[in-house]
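Take a look at the structure below.
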Amino acid sequence: MSPRRSYDQYCSAARALDAVGDRWTLLIVRELLAGPRRYTDLHADLPGVSTDVLASRLKDMERDGLATRRRMPPPGAVYVYELTGRGRELLPVLQALGEWGAPLLAERRPTDAVRAHWFALPLLRSLAELGDGIVQVRLDEGEFHVRLGAADGPVYEEGPAPGEPDACLTLDTETCTALGRGDLTLLDAVRGGRIAVTGEGPLAKALREP
């Protein structure tokens with residue numbers, strides 16, 4: 001386990017950066033907000049991170065009380081990493097950081113990787129005012145679902161929602177990015193035909209209301 005590095009400043013921002021300021025740490029938190037993940041899954045969804053750095057960051061997060069490692073019961077019997085309550089408290093931090101960085105997504109670079117679920121947190125912010133429920137999202141890059149109002153457990157998960165979601169949204173990456181930048185509101189995107197809404201739950205009906 002690597003020794004703790006510190007700014008050695010009696011300042012809450014400096015203390016926070018002592019824990020999460022290293023490269024990759026907050027992106028690991030982003031992935032673990034989807035619930036328990038295997039090391040191999042984390043590595044696959046963090047393109048560019050080396051195995052040594054990922055292992056080191058996960059150990060640091062365990063030491064700092066942000067994540068835990070546990071063995072899943074049979075038949076899986078694999079080790080997974082998951083956020084602690086303290087780690088989960090970083091959700092609004094990541095959302096604020098994403099909102100601040102959204103204008104930087106004006107143009108996608110040829111070297112940029114993309115995963116559908118990376119749009120979950122910006123969409124979660126846009127959907128938050130609708131109330132509680134599960135919203136499935138379909139993009140060209142794949143599917144994921146977000147859990148609005150979830151007090152614990154995963155904030156979002158890859159793949160289709162279990163059972164019948166409260167609403168299903170179909171949209172493209174450009175619309176997702178515009179929502180994240182604040183260039184477009186959710187209701188305007190629906191009314192303008194940029195988001196197709198299906199489902200009979202209260203959330204779907206609220207989005208389709210004129």
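By convention in this document, the chains of the structure tokens carry letters A, B, ... by their order, each chain's residues are numbered from 1, and ligands are numbered from 1 in the order they are shown.
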(message) Report as an MDAnalysis selection string all protein, DNA and RNA residues lying within 12 Å of A:Glu129, evaluated on only C-alpha atoms, omitting residues in the same chain fewer than 2 positions from it.
(response) chainID A and resid 123:127 131:133 148:149 185:187 203 206:207
Got a sec: who's within 12 Å of A:Gly201, counting only C-alpha atoms, leaving out chain neighbours fewer than 2 positions off, as a PDB file with N, CA and C atoms, in the first residue's frame?
```
ATOM      1  N   LEU A 130     -38.093  15.048 -11.357  1.00  0.00           N
ATOM      2  CA  LEU A 130     -39.290  14.299 -11.739  1.00  0.00           C
ATOM      3  C   LEU A 130     -39.845  13.451 -10.605  1.00  0.00           C
ATOM      4  N   GLY A 131     -39.035  13.183  -9.590  1.00  0.00           N
ATOM      5  CA  GLY A 131     -39.457  12.309  -8.498  1.00  0.00           C
ATOM      6  C   GLY A 131     -38.677  11.007  -8.512  1.00  0.00           C
ATOM      7  N   ASP A 132     -39.127  10.053  -7.714  1.00  0.00           N
ATOM      8  CA  ASP A 132     -38.419   8.787  -7.587  1.00  0.00           C
ATOM      9  C   ASP A 132     -38.860   7.793  -8.663  1.00  0.00           C
ATOM     10  N   GLY A 133     -37.959   6.899  -8.993  1.00  0.00           N
ATOM     11  CA  GLY A 133     -38.301   5.855  -9.951  1.00  0.00           C
ATOM     12  C   GLY A 133     -37.085   5.400 -10.731  1.00  0.00           C
ATOM     13  N   ILE A 134     -37.304   4.469 -11.643  1.00  0.00           N
ATOM     14  CA  ILE A 134     -36.236   3.919 -12.479  1.00  0.00           C
ATOM     15  C   ILE A 134     -36.471   4.342 -13.924  1.00  0.00           C
ATOM     16  N   VAL A 135     -35.456   4.943 -14.503  1.00  0.00           N
ATOM     17  CA  VAL A 135     -35.532   5.405 -15.892  1.00  0.00           C
ATOM     18  C   VAL A 135     -34.481   4.677 -16.713  1.00  0.00           C
ATOM     19  N   GLN A 136     -34.932   4.002 -17.742  1.00  0.00           N
ATOM     20  CA  GLN A 136     -34.024   3.314 -18.663  1.00  0.00           C
ATOM     21  C   GLN A 136     -33.640   4.264 -19.790  1.00  0.00           C
ATOM     22  N   GLU A 164     -40.164  -3.628 -15.189  1.00  0.00           N
ATOM     23  CA  GLU A 164     -40.698  -2.547 -16.027  1.00  0.00           C
ATOM     24  C   GLU A 164     -40.233  -1.207 -15.478  1.00  0.00           C
ATOM     25  N   PRO A 165     -39.424  -0.445 -16.230  1.00  0.00           N
ATOM     26  CA  PRO A 165     -38.990   0.864 -15.743  1.00  0.00           C
ATOM     27  C   PRO A 165     -40.157   1.852 -15.720  1.00  0.00           C
ATOM     28  N   ASP A 166     -40.006   2.912 -14.954  1.00  0.00           N
ATOM     29  CA  ASP A 166     -41.044   3.947 -14.882  1.00  0.00           C
ATOM     30  C   ASP A 166     -41.080   4.802 -16.145  1.00  0.00           C
ATOM     31  N   ALA A 167     -39.982   4.802 -16.884  1.00  0.00           N
ATOM     32  CA  ALA A 167     -39.923   5.498 -18.164  1.00  0.00           C
ATOM     33  C   ALA A 167     -38.715   4.981 -18.925  1.00  0.00           C
ATOM     34  N   CYS A 168     -38.805   5.031 -20.242  1.00  0.00           N
ATOM     35  CA  CYS A 168     -37.683   4.656 -21.095  1.00  0.00           C
ATOM     36  C   CYS A 168     -37.413   5.803 -22.063  1.00  0.00           C
ATOM     37  N   VAL A 197     -39.953   9.128 -25.543  1.00  0.00           N
ATOM     38  CA  VAL A 197     -40.331   8.623 -24.221  1.00  0.00           C
ATOM     39  C   VAL A 197     -41.369   7.524 -24.387  1.00  0.00           C
ATOM     40  N   THR A 198     -41.104   6.367 -23.782  1.00  0.00           N
ATOM     41  CA  THR A 198     -42.083   5.280 -23.765  1.00  0.00           C
ATOM     42  C   THR A 198     -42.281   4.833 -22.320  1.00  0.00           C
ATOM     43  N   GLY A 199     -43.373   4.115 -22.103  1.00  0.00           N
ATOM     44  CA  GLY A 199     -43.688   3.643 -20.759  1.00  0.00           C
ATOM     45  C   GLY A 199     -44.974   4.257 -20.252  1.00  0.00           C
ATOM     46  N   LEU A 203     -43.518   8.794 -14.272  1.00  0.00           N
ATOM     47  CA  LEU A 203     -42.420   9.580 -14.822  1.00  0.00           C
ATOM     48  C   LEU A 203     -42.578   9.760 -16.342  1.00  0.00           C
ATOM     49  N   ALA A 204     -42.954   8.682 -17.016  1.00  0.00           N
ATOM     50  CA  ALA A 204     -43.145   8.759 -18.470  1.00  0.00           C
ATOM     51  C   ALA A 204     -44.295   9.711 -18.795  1.00  0.00           C
ATOM     52  N   LYS A 205     -45.368   9.618 -18.044  1.00  0.00           N
ATOM     53  CA  LYS A 205     -46.511  10.487 -18.302  1.00  0.00           C
ATOM     54  C   LYS A 205     -46.166  11.940 -18.033  1.00  0.00           C
ATOM     55  N   ALA A 206     -45.383  12.191 -16.975  1.00  0.00           N
ATOM     56  CA  ALA A 206     -44.982  13.569 -16.668  1.00  0.00           C
ATOM     57  C   ALA A 206     -44.132  14.156 -17.793  1.00  0.00           C
ATOM     58  N   LEU A 207     -43.277  13.338 -18.381  1.00  0.00           N
ATOM     59  CA  LEU A 207     -42.417  13.832 -19.471  1.00  0.00           C
ATOM     60  C   LEU A 207     -43.211  14.084 -20.744  1.00  0.00           C
ATOM     61  N   ARG A 208     -44.286  13.324 -20.946  1.00  0.00           N
ATOM     62  CA  ARG A 208     -45.066  13.489 -22.170  1.00  0.00           C
ATOM     63  C   ARG A 208     -46.129  14.560 -22.062  1.00  0.00           C
TER      64      ARG A 208
END
```
(request) Name the residues of stretch 3-207 of chain A that come out as strand (DSSP E or B) in a backbone DSSP run; write them as number ranges by chain. (result) A: 37, 67-71, 79-83, 133-139, 142-148, 156-158, 167-170, 196-198
Put those residues in a file: N, CA and C atoms, as a compact mmCIF listing (two decimals), in the first residue's frame.
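Output file result-v8.txt follows:
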```
# COMPACT_ATOMS: atom_id res chain seq x y z
N ARG A 37 -18.35 -3.78 -8.33
CA ARG A 37 -17.70 -4.08 -9.62
C ARG A 37 -16.48 -4.94 -9.40
N ALA A 67 -14.00 2.86 -0.09
CA ALA A 67 -14.44 1.63 -0.77
C ALA A 67 -14.05 0.42 0.07
N THR A 68 -14.75 -0.68 -0.18
CA THR A 68 -14.43 -1.94 0.47
C THR A 68 -14.33 -3.03 -0.59
N ARG A 69 -13.65 -4.11 -0.22
CA ARG A 69 -13.51 -5.27 -1.11
C ARG A 69 -14.10 -6.47 -0.38
N ARG A 70 -14.97 -7.20 -1.08
CA ARG A 70 -15.57 -8.37 -0.44
C ARG A 70 -15.76 -9.48 -1.47
N ARG A 71 -15.91 -10.66 -0.96
CA ARG A 71 -16.10 -11.84 -1.83
C ARG A 71 -17.59 -12.10 -1.99
N TYR A 79 -14.27 -11.57 -6.09
CA TYR A 79 -14.12 -10.38 -5.28
C TYR A 79 -14.64 -9.16 -6.04
N VAL A 80 -15.33 -8.30 -5.32
CA VAL A 80 -15.84 -7.07 -5.91
C VAL A 80 -15.47 -5.90 -5.02
N TYR A 81 -15.44 -4.73 -5.61
CA TYR A 81 -15.23 -3.48 -4.88
C TYR A 81 -16.53 -2.71 -4.87
N GLU A 82 -16.81 -2.04 -3.77
CA GLU A 82 -18.01 -1.22 -3.69
C GLU A 82 -17.76 -0.02 -2.78
N LEU A 83 -18.54 1.02 -2.99
CA LEU A 83 -18.38 2.24 -2.21
C LEU A 83 -18.93 2.05 -0.79
N GLY A 133 -37.96 6.90 -8.99
CA GLY A 133 -38.30 5.86 -9.95
C GLY A 133 -37.08 5.40 -10.73
N ILE A 134 -37.30 4.47 -11.64
CA ILE A 134 -36.24 3.92 -12.48
C ILE A 134 -36.47 4.34 -13.92
N VAL A 135 -35.46 4.94 -14.50
CA VAL A 135 -35.53 5.40 -15.89
C VAL A 135 -34.48 4.68 -16.71
N GLN A 136 -34.93 4.00 -17.74
CA GLN A 136 -34.02 3.31 -18.66
C GLN A 136 -33.64 4.26 -19.79
N VAL A 137 -32.37 4.24 -20.17
CA VAL A 137 -31.86 5.15 -21.20
C VAL A 137 -31.21 4.34 -22.31
N ARG A 138 -31.59 4.64 -23.54
CA ARG A 138 -31.02 3.95 -24.70
C ARG A 138 -30.26 4.96 -25.56
N LEU A 139 -28.97 4.70 -25.73
CA LEU A 139 -28.11 5.48 -26.60
C LEU A 139 -27.55 4.57 -27.69
N GLY A 142 -25.13 2.18 -26.15
CA GLY A 142 -25.59 1.14 -25.24
C GLY A 142 -26.72 1.60 -24.36
N GLU A 143 -27.08 0.77 -23.38
CA GLU A 143 -28.19 1.05 -22.47
C GLU A 143 -27.71 1.09 -21.03
N PHE A 144 -28.39 1.89 -20.22
CA PHE A 144 -28.19 1.88 -18.78
C PHE A 144 -29.49 2.37 -18.15
N HIS A 145 -29.60 2.23 -16.84
CA HIS A 145 -30.77 2.77 -16.16
C HIS A 145 -30.33 3.49 -14.90
N VAL A 146 -31.04 4.54 -14.56
CA VAL A 146 -30.73 5.35 -13.38
C VAL A 146 -31.84 5.16 -12.36
N ARG A 147 -31.46 5.26 -11.09
CA ARG A 147 -32.41 5.09 -9.99
C ARG A 147 -32.60 6.44 -9.32
N LEU A 148 -33.68 7.10 -9.62
CA LEU A 148 -33.95 8.42 -9.06
C LEU A 148 -34.38 8.30 -7.61
N TYR A 156 -26.88 4.08 -10.60
CA TYR A 156 -27.20 3.68 -11.97
C TYR A 156 -26.61 2.30 -12.20
N GLU A 157 -27.04 1.63 -13.25
CA GLU A 157 -26.49 0.33 -13.62
C GLU A 157 -26.50 0.20 -15.13
N GLU A 158 -25.53 -0.55 -15.65
CA GLU A 158 -25.49 -0.82 -17.08
C GLU A 158 -26.59 -1.80 -17.46
N ALA A 167 -39.98 4.80 -16.88
CA ALA A 167 -39.92 5.50 -18.16
C ALA A 167 -38.71 4.98 -18.92
N CYS A 168 -38.81 5.03 -20.24
CA CYS A 168 -37.68 4.66 -21.10
C CYS A 168 -37.41 5.80 -22.06
N LEU A 169 -36.16 6.27 -22.09
CA LEU A 169 -35.78 7.39 -22.94
C LEU A 169 -34.83 6.90 -24.02
N THR A 170 -35.09 7.30 -25.25
CA THR A 170 -34.19 6.99 -26.36
C THR A 170 -33.70 8.31 -26.94
N ALA A 196 -37.23 10.36 -27.31
CA ALA A 196 -38.46 9.57 -27.41
C ALA A 196 -38.73 8.95 -26.05
N VAL A 197 -39.95 9.13 -25.54
CA VAL A 197 -40.33 8.62 -24.22
C VAL A 197 -41.37 7.52 -24.39
N THR A 198 -41.10 6.37 -23.78
CA THR A 198 -42.08 5.28 -23.77
C THR A 198 -42.28 4.83 -22.32
```
(message) Write out as number ranges by chain the set of residues from stretch 15-204 of chain A that DSSP, computed on the backbone, places in helix (DSSP H, G or I).
(response) A: 15-20, 25-32, 39-44, 51-63, 85-88, 91-105, 116-130, 173-181, 186-191, 202-204
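Considering only C-alpha atoms, the residue among A:Ala14, A:Leu26, A:Val190, A:Cys176 positioned nearest to A:Ala120 is A:Cys176.
The shortest atom-to-atom distance to A:Met72, with only C-alpha atoms taken into account, belongs to A:Arg38 out of A:Arg109, A:Leu33, A:Arg38, A:Asp188.
Near A:Gly101, within 12 Å and counting only C-alpha atoms, sit Leu94, Gln95, Ala96, Leu97, Leu105, Ala106, Pro122, Thr177, Gly180, Arg181 and Gly182 of chain A, not including residues fewer than 4 positions from it in the same chain.
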Export of prior selection with C-alpha atoms as a PDB file, in the first residue's frame:
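Result written to part.pdb:
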```pdb
ATOM      1  CA  LEU A  94     -18.871  14.315  -9.242  1.00  0.00           C
ATOM      2  CA  GLN A  95     -22.081  15.857 -10.531  1.00  0.00           C
ATOM      3  CA  ALA A  96     -20.819  19.371  -9.788  1.00  0.00           C
ATOM      4  CA  LEU A  97     -17.492  18.573 -11.430  1.00  0.00           C
ATOM      5  CA  LEU A 105     -17.379  18.518 -24.363  1.00  0.00           C
ATOM      6  CA  ALA A 106     -18.130  20.836 -27.269  1.00  0.00           C
ATOM      7  CA  PRO A 122     -25.425  14.202 -15.982  1.00  0.00           C
ATOM      8  CA  THR A 177     -24.160  16.374 -24.047  1.00  0.00           C
ATOM      9  CA  GLY A 180     -25.235  18.239 -19.497  1.00  0.00           C
ATOM     10  CA  ARG A 181     -24.053  21.631 -20.727  1.00  0.00           C
ATOM     11  CA  GLY A 182     -27.392  23.212 -19.884  1.00  0.00           C
TER      12      GLY A 182
END
```
(message) Give me the residues near A:Thr51 as an NGL selection string, where near means some atom within 12 Å (using only C-alpha atoms) and where sequence neighbours in that chain fewer than 4 positions away do not count.
(response) :A and (24 or 39-44 or 46-47 or 55-58)
Filtering to C-alpha atoms, could you give me those residues as a short mmCIF file (atom, residue, chain, number, x, y, z; two decimals), in the first residue's frame?
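Printed below is out-v1.cif as written:
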```
data_model
loop_
_atom_site.label_atom_id
_atom_site.label_comp_id
_atom_site.auth_asym_id
_atom_site.auth_seq_id
_atom_site.Cartn_x
_atom_site.Cartn_y
_atom_site.Cartn_z
CA TRP A 24 -8.18 8.17 -11.52
CA TYR A 39 -11.48 -5.47 -10.80
CA THR A 40 -11.57 -6.66 -14.43
CA ASP A 41 -14.78 -4.71 -15.09
CA LEU A 42 -13.30 -1.56 -13.58
CA HIS A 43 -10.20 -1.92 -15.71
CA ALA A 44 -12.29 -2.40 -18.86
CA LEU A 46 -11.35 2.93 -17.30
CA PRO A 47 -9.44 2.89 -20.60
CA ALA A 55 -4.71 -1.60 -7.88
CA SER A 56 -2.90 1.15 -5.99
CA ARG A 57 -5.86 3.54 -6.13
CA LEU A 58 -8.27 0.85 -4.94
#
```
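Distances to A:Ala128 were evaluated for A:Leu32, A:Pro110, A:Leu104, A:Val155 using only C-alpha atoms, and the minimum falls at A:Val155.
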(message) Just to confirm, what's the straight-line distance from atom CA of A:Thr84 to atom CA of A:Tyr7 in Å (one decimal)?
(response) 24.1 Å
